[in-house]
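Okay, structure first, notes after.
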Amino acid sequence: MKRLLPLLPRPTRYLGSEWGTVHKDISKVRAHIALCFPDLYEVGMSYLGQKILYDIVNRHPDFYGERGYVPCEETAAILKEHGELLATMESDTPLKDVDVIGVSMTHELCYTNVLYMLELSGIPLRSADRGEEFPLVIAGGGACFNAEPMADFLDAMMLGDGEESIIRVLETVADCKEKGLDRQATLKALSKLPGLYIPAFFDPENPDDTLIEKAVVDDLNPIPFPQGQVLSFGQAVHDRLTLEIARGCTRGCRFCQAGIIYRPVRERTPEKLHNILMNGLKETGYEETSFLSLSTGDYSALDGLFATSFDHCAAEQVSISLPSLRVGSISDHIMKRISSIRRTGATLAPEAGSQRMRDVINKGITEPEILDHVLKLFNNGWQSVKLYFMIGLPTETFEDLDAILDLCLKVRDVAGKSVKRLNITAAVSPFVPKSHTPFQWDRQITIDEISERLDYLRSIFKPNKRLQLKFHQPQMSFLEGIFSRGDRRLGNVLESAYKKGAIFSSWKDHLDLKPYIQAMDEFGLTAEEFQRERSHDERLPWDHLSCGVSKKFLLTERRRSLEEKVTPDCRYDTCRNCGICQFKGRHSLLEKQAEEKDIRPRMVFKTRDQADENVPEFIPAEKPELGLKGSHFRLWFEKMGPTAYLSQLDLQSVLERAMRRAELPLSFSEGFHPMPRISFGKALPVGVESSCEWLNIMLRTAIDADELIKRLNSQMPIGLNIVKADTLTLSRKHPQPQVEEYTMTYFNDNETVRKWMENWHDFLGKETFPVERKTKKGTKIVDIRKTVRSISFDGDLTVKIMFDWSELYFNPIKFMDAVCPGSSLLDFRLVKTQQKFE
């Protein structure tokens, strides 16, 4: 793939040389796995699960884990045109040549992207069609707890926590490979591991008593957490240091699949998390961190963790994000501290407008608690609040829809007139019943019913000022509902829909129902049979896949929902015997792991009183003077090899994080969003290398130039290297060079190249060379001859050009194409070799 980088849109998606990547000798490892995410690079690079597994695998000397992502359609077309297969990021190994392809399946709408990835890799879509020469395709992630629609395409699925499972899988694959065992024997060996489901070994038409139990990590603290993470080239969707502070949630929201399948609750200790945070910021240079959990505010030692971390982060302009906050789950101290560093929009999830519906779904919050939380937000400076709601929940009426508007109005009124730029947004999503939840037996409302309820909400919201209504696309929820509770008959539908063009179905601009509807018609299936209500004694397609929570518990919770009864959080209340924990005298579905595991809630503080007693006193720290100007340098650097494909925006992020890792005391601008005082020269075109780029950097203190170079070069990714540091005055204004020399070398000596060399000689003899240049205002004719001071030749393949940009700048790559039409970076290497100040 890498030879085609000059042709690919956003080539940084495919470089594989980011800071934090691991490169091993493939011939010296026992097993080679491609950890693939079935979406674009910037989405996959935000997924913590892949980062965890990448770190776990590569810590082991016998195994090598690389990354893989799905390319955009334009890139896929280029690969097919040039006969190239999808390859791993780091070593450019075709995916079909690794031992295992590990696929993260986090949601149902990625299924056709998995098929897309397999086809681009030259791997047969169906497991039964793969010979011994192809890798095993193994999926993991939350969707695997009912991935029967994907069963025909996957060799195996990993249920539950992957940190220990992934090593067991690779050890088994390596042993089988060394013994010369075939695919079937390898799959049989894998089937003996905890959490491993082999779809080919289960017959859904004649189900037996097979029960595949999820793998569980009973204590997160001893498990390594990735600190030196791979830093994305380009902006990942969530481009920050993410810390998983806890796993699992027992709030018991009855619609929430994650709250069931990730039980029990396991918290990391504050001491462990603080060390991870400090080391993680030091090794990555991130300017933002996020404390992640299914319910971050429920972490029992959050106040202590936040107090310990806040001042360090504030001193280095590192912001802290707390996603997934429940109403009333964070203290006034934390809210005040967050408001002091950033006050972007706050998000709350009442899920339902009426108290009756919140009790049905066991949300566990009341209207007074919601309004009290919102008032605190407004009092601490927030002006924008987003409220998440679901429609189509079991027992919902139009009165419950009216209650959504009513709650939003009350939130607006709480602000009063003190909030000048108030913005209240109701974000509405259609409810999708999920497997392994108390609502897994309930019907999903039809797409027509969804549209009717959304139309009703639009009509009642419209007259109200300062209220906005946004909603999740009904078509996505429609598809999600089909595949989240589907069976193997849908495998044919997925394959047919994919061949009809259904890919990237989780993207609004790509979602198209037609291929799916046509495929369902083709195989005599309807949406209604998958979205219908199920009887309690009916065998469900996922009954052989256990998350540890018993069917009895789910039925009890469903009955309590119809009775509008709230079930308290078992962390601080009575145990509800869900089945996941191994308390003495009670049977556990996870009995195979019972001998070596201690599966139970692991809390820092086991009672609310303990948590309240251990809240540290918040003492406002003295803010550091981040705007000081102590020294100013112009750094000259090389931008060679893969880093030639970094845009100026990408480069700025890469260098700033390198400076943070080097622990340089950056000077920041003033204002609400302080930025480091770094400025760059003229942007280098993507794909062009340079031995003489520069940037200016302001530091708060003085530092020796040689020390500065040494510290920075130790933190540079492949291709970037600081070569010189010139001391500047503390003034911000310094001259920029307008004269630059470029060296272009053709890769091959052939008839076409010889014709291009003639063009260069002809160009020298011309007084003018007019070309068209497209601008925002239209097409303009410019004379590019006046930009050239001199041209010289070094042999038959090399041209040296001295440009003068004082009157006109013209992209050097487009310049080469203008003189030699049809030429591109596939034909030559272009390097900026000199800049002159005049």
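We name chains A, B, ... following the order of the structure tokens; residues begin at 1 in each chain, and ligands are numbered from 1 as shown.
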
*Tell me, as a PyMOL selection string, which residues lie within 12 Å of Asp161 in chain A, counting only C-alpha atoms; anything in the same chain fewer than 2 positions away does not count.*
chain A and resi 49+52-53+140-142+144+157-159+163-167+194-196+213-220+223+247-248+261-264+266+547

How would the residues just chosen look if you wrote them out with N, CA and C atoms as a short mmCIF file (atom, residue, chain, number, x, y, z; two decimals), in the first residue's frame?
```cif
data_model
loop_
_atom_site.label_atom_id
_atom_site.label_comp_id
_atom_site.auth_asym_id
_atom_site.auth_seq_id
_atom_site.Cartn_x
_atom_site.Cartn_y
_atom_site.Cartn_z
N GLY A 49 -10.15 0.10 23.22
CA GLY A 49 -9.97 -1.35 23.21
C GLY A 49 -8.81 -1.78 22.35
N ILE A 52 -5.51 -0.97 24.10
CA ILE A 52 -5.20 -1.90 25.19
C ILE A 52 -4.62 -3.19 24.63
N LEU A 53 -5.26 -3.76 23.60
CA LEU A 53 -4.79 -5.02 23.04
C LEU A 53 -3.45 -4.86 22.33
N GLY A 140 -14.02 -9.52 18.41
CA GLY A 140 -14.27 -9.26 19.83
C GLY A 140 -15.05 -7.96 19.94
N GLY A 141 -15.53 -7.65 21.14
CA GLY A 141 -16.30 -6.43 21.33
C GLY A 141 -17.72 -6.73 21.76
N GLY A 142 -18.42 -5.67 22.19
CA GLY A 142 -19.75 -5.83 22.75
C GLY A 142 -20.75 -6.49 21.81
N CYS A 144 -20.40 -8.92 19.95
CA CYS A 144 -20.24 -10.37 19.84
C CYS A 144 -21.18 -11.15 20.75
N MET A 157 -15.19 -15.96 17.89
CA MET A 157 -15.51 -14.70 18.57
C MET A 157 -14.99 -14.80 20.00
N MET A 158 -14.47 -13.69 20.49
CA MET A 158 -13.99 -13.59 21.86
C MET A 158 -15.01 -12.83 22.68
N LEU A 159 -15.63 -13.49 23.65
CA LEU A 159 -16.63 -12.84 24.51
C LEU A 159 -15.97 -12.37 25.79
N GLU A 163 -7.97 -8.77 27.66
CA GLU A 163 -6.56 -8.63 28.06
C GLU A 163 -5.86 -9.98 28.25
N GLU A 164 -6.54 -10.93 28.87
CA GLU A 164 -5.94 -12.26 29.06
C GLU A 164 -6.26 -13.18 27.89
N SER A 165 -7.45 -13.02 27.32
CA SER A 165 -7.88 -13.90 26.23
C SER A 165 -6.98 -13.78 25.01
N ILE A 166 -6.57 -12.56 24.67
CA ILE A 166 -5.80 -12.36 23.44
C ILE A 166 -4.47 -13.11 23.51
N ILE A 167 -3.85 -13.15 24.69
CA ILE A 167 -2.58 -13.87 24.83
C ILE A 167 -2.82 -15.37 24.75
N PRO A 194 -11.54 -20.02 27.75
CA PRO A 194 -12.66 -19.23 28.27
C PRO A 194 -13.03 -18.10 27.31
N GLY A 195 -14.32 -17.95 27.03
CA GLY A 195 -14.79 -16.84 26.22
C GLY A 195 -14.69 -17.03 24.73
N LEU A 196 -14.15 -18.15 24.25
CA LEU A 196 -13.99 -18.36 22.81
C LEU A 196 -15.17 -19.14 22.24
N GLU A 213 -19.23 -19.07 27.95
CA GLU A 213 -19.17 -18.09 29.03
C GLU A 213 -18.11 -17.03 28.74
N LYS A 214 -18.42 -15.80 29.02
CA LYS A 214 -17.47 -14.72 28.74
C LYS A 214 -16.23 -14.84 29.61
N ALA A 215 -15.12 -14.34 29.11
CA ALA A 215 -13.89 -14.26 29.88
C ALA A 215 -13.94 -13.01 30.75
N VAL A 216 -13.44 -13.13 31.97
CA VAL A 216 -13.50 -12.01 32.92
C VAL A 216 -12.12 -11.74 33.51
N VAL A 217 -11.72 -10.49 33.50
CA VAL A 217 -10.58 -10.04 34.29
C VAL A 217 -11.13 -9.61 35.63
N ASP A 218 -10.81 -10.34 36.68
CA ASP A 218 -11.47 -10.07 37.95
C ASP A 218 -10.92 -8.85 38.68
N ASP A 219 -9.69 -8.42 38.34
CA ASP A 219 -9.09 -7.25 38.98
C ASP A 219 -8.29 -6.49 37.93
N LEU A 220 -8.64 -5.23 37.69
CA LEU A 220 -7.97 -4.44 36.66
C LEU A 220 -6.59 -3.94 37.08
N ILE A 223 -3.40 -5.54 35.69
CA ILE A 223 -3.36 -5.60 34.23
C ILE A 223 -2.67 -4.34 33.70
N ARG A 247 -14.43 -0.42 35.10
CA ARG A 247 -15.16 -1.19 34.08
C ARG A 247 -16.41 -1.77 34.72
N GLY A 248 -17.50 -1.73 33.99
CA GLY A 248 -18.75 -2.27 34.51
C GLY A 248 -19.60 -1.21 35.19
N ILE A 261 -23.49 -6.59 30.22
CA ILE A 261 -22.44 -7.51 29.74
C ILE A 261 -21.07 -7.21 30.34
N TYR A 262 -20.88 -5.99 30.88
CA TYR A 262 -19.57 -5.68 31.45
C TYR A 262 -19.54 -5.79 32.97
N ARG A 263 -20.57 -6.34 33.59
CA ARG A 263 -20.52 -6.58 35.03
C ARG A 263 -19.46 -7.61 35.35
N PRO A 264 -18.93 -7.60 36.60
CA PRO A 264 -19.21 -6.71 37.71
C PRO A 264 -18.40 -5.41 37.61
N ARG A 266 -15.52 -3.02 38.41
CA ARG A 266 -14.14 -3.17 38.87
C ARG A 266 -13.47 -1.82 38.74
N CYS A 547 -23.26 -13.80 29.29
CA CYS A 547 -22.49 -12.69 29.87
C CYS A 547 -22.42 -12.83 31.39
#
```

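Closest approach to Ser127 in chain A among A:Lys766, A:Lys282, A:Lys177, A:Arg183 is made by A:Arg183 (distances from only C-alpha atoms).
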
*Within 8 Å of Leu348 in chain A, counting only C-alpha atoms, which residues show up once you throw out same-chain ones fewer than 6 positions away? Write them as JSON, numbers by chain, please.*
{"A": [325, 326, 327, 385, 386, 387, 388]}

Let me see the file: selected residues, N, CA and C atoms, as a tab-separated table (two decimals), in the first residue's frame.
```tsv
chain	number	residue	atom	x	y	z
A	325	LEU	N	-21.27	11.32	32.66
A	325	LEU	CA	-21.62	11.75	34.01
A	325	LEU	C	-23.13	11.65	34.22
A	326	ARG	N	-23.50	11.00	35.29
A	326	ARG	CA	-24.92	10.93	35.65
A	326	ARG	C	-25.29	12.18	36.44
A	327	VAL	N	-26.56	12.51	36.40
A	327	VAL	CA	-27.06	13.63	37.18
A	327	VAL	C	-26.73	13.42	38.65
A	385	VAL	N	-26.51	23.35	27.49
A	385	VAL	CA	-26.81	22.05	28.08
A	385	VAL	C	-27.53	21.18	27.04
A	386	LYS	N	-27.02	19.97	26.88
A	386	LYS	CA	-27.67	19.01	25.98
A	386	LYS	C	-28.27	17.89	26.81
A	387	LEU	N	-29.54	17.58	26.54
A	387	LEU	CA	-30.26	16.54	27.26
A	387	LEU	C	-30.57	15.38	26.30
A	388	TYR	N	-30.15	14.17	26.68
A	388	TYR	CA	-30.40	12.99	25.84
A	388	TYR	C	-31.68	12.29	26.26
```

_Spatial neighbours of Leu241 in chain A, max dist 7 Å, only C-alpha atoms, sep filter under 3 positions, as a list in words_ = Tyr286, Glu288, Thr289 and Ser290 of chain A

Hey, can you spit out that residue selection with all heavy atoms as an mmCIF file, in the first residue's frame?
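Below is the file that was written, selection.cif:
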```cif
data_model
loop_
_atom_site.group_PDB
_atom_site.id
_atom_site.type_symbol
_atom_site.label_atom_id
_atom_site.label_comp_id
_atom_site.auth_asym_id
_atom_site.auth_seq_id
_atom_site.Cartn_x
_atom_site.Cartn_y
_atom_site.Cartn_z
ATOM 1 N N TYR A 286 0.061 14.390 25.285
ATOM 2 C CA TYR A 286 -1.310 14.828 25.040
ATOM 3 C C TYR A 286 -1.613 16.107 25.832
ATOM 4 O O TYR A 286 -1.113 16.318 26.935
ATOM 5 C CB TYR A 286 -2.303 13.747 25.463
ATOM 6 C CG TYR A 286 -2.618 12.728 24.395
ATOM 7 C CD1 TYR A 286 -2.374 11.370 24.598
ATOM 8 C CD2 TYR A 286 -3.186 13.111 23.193
ATOM 9 C CE1 TYR A 286 -2.677 10.420 23.634
ATOM 10 C CE2 TYR A 286 -3.503 12.178 22.215
ATOM 11 C CZ TYR A 286 -3.240 10.842 22.439
ATOM 12 O OH TYR A 286 -3.550 9.909 21.479
ATOM 13 N N GLU A 288 -4.872 16.806 26.432
ATOM 14 C CA GLU A 288 -6.177 16.550 27.038
ATOM 15 C C GLU A 288 -6.212 15.121 27.535
ATOM 16 O O GLU A 288 -5.636 14.214 26.922
ATOM 17 C CB GLU A 288 -7.309 16.770 26.026
ATOM 18 C CG GLU A 288 -8.701 16.532 26.607
ATOM 19 C CD GLU A 288 -9.826 16.765 25.611
ATOM 20 O OE1 GLU A 288 -9.540 17.155 24.459
ATOM 21 O OE2 GLU A 288 -10.991 16.547 25.982
ATOM 22 N N THR A 289 -6.886 14.908 28.654
ATOM 23 C CA THR A 289 -7.082 13.559 29.161
ATOM 24 C C THR A 289 -8.550 13.370 29.512
ATOM 25 O O THR A 289 -9.267 14.342 29.768
ATOM 26 C CB THR A 289 -6.201 13.274 30.396
ATOM 27 O OG1 THR A 289 -6.366 11.910 30.800
ATOM 28 C CG2 THR A 289 -6.574 14.163 31.579
ATOM 29 N N SER A 290 -8.974 12.121 29.513
ATOM 30 C CA SER A 290 -10.370 11.803 29.784
ATOM 31 C C SER A 290 -10.434 10.635 30.751
ATOM 32 O O SER A 290 -9.734 9.635 30.572
ATOM 33 C CB SER A 290 -11.081 11.446 28.471
ATOM 34 O OG SER A 290 -12.387 10.994 28.705
#
```

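The smallest atom-to-atom distance between Tyr111 in chain A and any of A:Asp448, A:Asp400, A:Glu205, A:Glu495, using only C-alpha atoms, is found for A:Glu495.
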
_Can you pull out the residues contacting Leu393 in chain A? Cut-off 10 Å, using only C-alpha atoms, and skip same-chain residues under 4 positions away; I want them as a PyMOL selection string._
chain A and resi 255+351-352+357+360-361+397+400+430-433+439+442-445

*Where in range 267-466 of chain A does DSSP assign helix (DSSP H, G or I), given as JSON, numbers by chain?*
{"A": [270, 271, 272, 273, 274, 275, 276, 277, 278, 279, 280, 281, 282, 283, 284, 296, 297, 298, 302, 303, 304, 305, 306, 307, 308, 309, 310, 311, 312, 313, 314, 315, 332, 333, 334, 335, 336, 337, 338, 339, 340, 341, 355, 356, 357, 358, 359, 360, 367, 368, 369, 370, 371, 372, 373, 374, 375, 376, 377, 378, 379, 398, 399, 400, 401, 402, 403, 404, 405, 406, 407, 408, 409, 410, 411, 412, 413, 414, 415, 447, 448, 449, 450, 451, 452, 453, 454, 455, 456, 457, 458, 459, 460, 461]}

Write out as a PDB file with N, CA and C atoms, in the first residue's frame which residues come within 12 Å of Glu707 in chain A when counting only C-alpha atoms, dropping same-chain ones fewer than 4 positions away.
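part_21.pdb, freshly written:
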```
ATOM      1  N   ALA A 662       9.204  16.179  25.744  1.00  0.00           N
ATOM      2  CA  ALA A 662      10.564  16.628  26.078  1.00  0.00           C
ATOM      3  C   ALA A 662      10.587  17.519  27.312  1.00  0.00           C
ATOM      4  N   GLU A 663       9.416  17.784  27.885  1.00  0.00           N
ATOM      5  CA  GLU A 663       9.252  18.589  29.097  1.00  0.00           C
ATOM      6  C   GLU A 663       9.819  19.992  28.917  1.00  0.00           C
ATOM      7  N   LEU A 664       9.566  20.567  27.747  1.00  0.00           N
ATOM      8  CA  LEU A 664       9.971  21.950  27.500  1.00  0.00           C
ATOM      9  C   LEU A 664       8.942  22.888  28.111  1.00  0.00           C
ATOM     10  N   ALA A 702      14.979  30.129  30.043  1.00  0.00           N
ATOM     11  CA  ALA A 702      16.130  29.987  29.153  1.00  0.00           C
ATOM     12  C   ALA A 702      16.566  28.526  29.112  1.00  0.00           C
ATOM     13  N   ILE A 703      17.132  28.124  27.967  1.00  0.00           N
ATOM     14  CA  ILE A 703      17.628  26.754  27.831  1.00  0.00           C
ATOM     15  C   ILE A 703      18.774  26.769  26.817  1.00  0.00           C
ATOM     16  N   ARG A 711      16.974  17.069  23.564  1.00  0.00           N
ATOM     17  CA  ARG A 711      15.721  16.635  24.191  1.00  0.00           C
ATOM     18  C   ARG A 711      14.617  16.437  23.159  1.00  0.00           C
ATOM     19  N   LEU A 712      14.572  17.333  22.178  1.00  0.00           N
ATOM     20  CA  LEU A 712      13.519  17.213  21.169  1.00  0.00           C
ATOM     21  C   LEU A 712      13.732  16.001  20.260  1.00  0.00           C
ATOM     22  N   ASN A 713      14.958  15.772  19.824  1.00  0.00           N
ATOM     23  CA  ASN A 713      15.207  14.659  18.899  1.00  0.00           C
ATOM     24  C   ASN A 713      14.919  13.300  19.520  1.00  0.00           C
ATOM     25  N   SER A 714      15.011  13.221  20.847  1.00  0.00           N
ATOM     26  CA  SER A 714      14.693  11.947  21.510  1.00  0.00           C
ATOM     27  C   SER A 714      13.199  11.653  21.479  1.00  0.00           C
ATOM     28  N   ILE A 722      15.583  17.473  14.375  1.00  0.00           N
ATOM     29  CA  ILE A 722      16.035  18.860  14.554  1.00  0.00           C
ATOM     30  C   ILE A 722      17.528  18.915  14.236  1.00  0.00           C
ATOM     31  N   LYS A 724      19.290  22.197  13.840  1.00  0.00           N
ATOM     32  CA  LYS A 724      19.931  23.437  14.304  1.00  0.00           C
ATOM     33  C   LYS A 724      18.929  24.264  15.094  1.00  0.00           C
ATOM     34  N   ALA A 725      19.397  25.040  16.070  1.00  0.00           N
ATOM     35  CA  ALA A 725      18.554  25.953  16.843  1.00  0.00           C
ATOM     36  C   ALA A 725      19.208  27.322  16.864  1.00  0.00           C
TER      37      ALA A 725
END
```

*Pick out the residues sitting within 7 Å of Gln355 in chain A, and hand them over as an MDAnalysis selection string; count only C-alpha atoms, and ignore anything fewer than 3 positions along from it in its own chain.*
chainID A and resid 358:359 366

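Using only C-alpha atoms, the shortest contact distance between Val788 in chain A and any of A:His632, A:Arg677, A:Lys800, A:Lys814 is found at A:Lys800.
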
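Nearest residue to Ile26 in chain A, choosing from A:Met1, A:Asn721, A:Glu90, A:Thr798 and counting only C-alpha atoms: A:Glu90.
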
_Members of range 81-114 of chain A assigned strand (DSSP E or B) by DSSP, as a list in words_ = Ala87, Pro94, Val100, Ile101, Gly102, Val103 and Ser104 of chain A

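One distance worth recording is that between CA of Leu628 in chain A and CA of Arg661 in chain A, which is 19.9 Å.
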
*Given the choices A:Thr106, A:Thr727, A:Gln383, A:Thr556, which gets closest to Asn146 in chain A if the distance is worked out from only C-alpha atoms?*
A:Thr106

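Of the listed residues (A:Leu170, A:Ala139, A:Leu115, A:Cys72), A:Ala139 comes nearest to Gln50 in chain A; the distances count only C-alpha atoms.
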
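Put simply, CA of Asn275 in chain A is 23.1 Å away from CA of Met45 in chain A.
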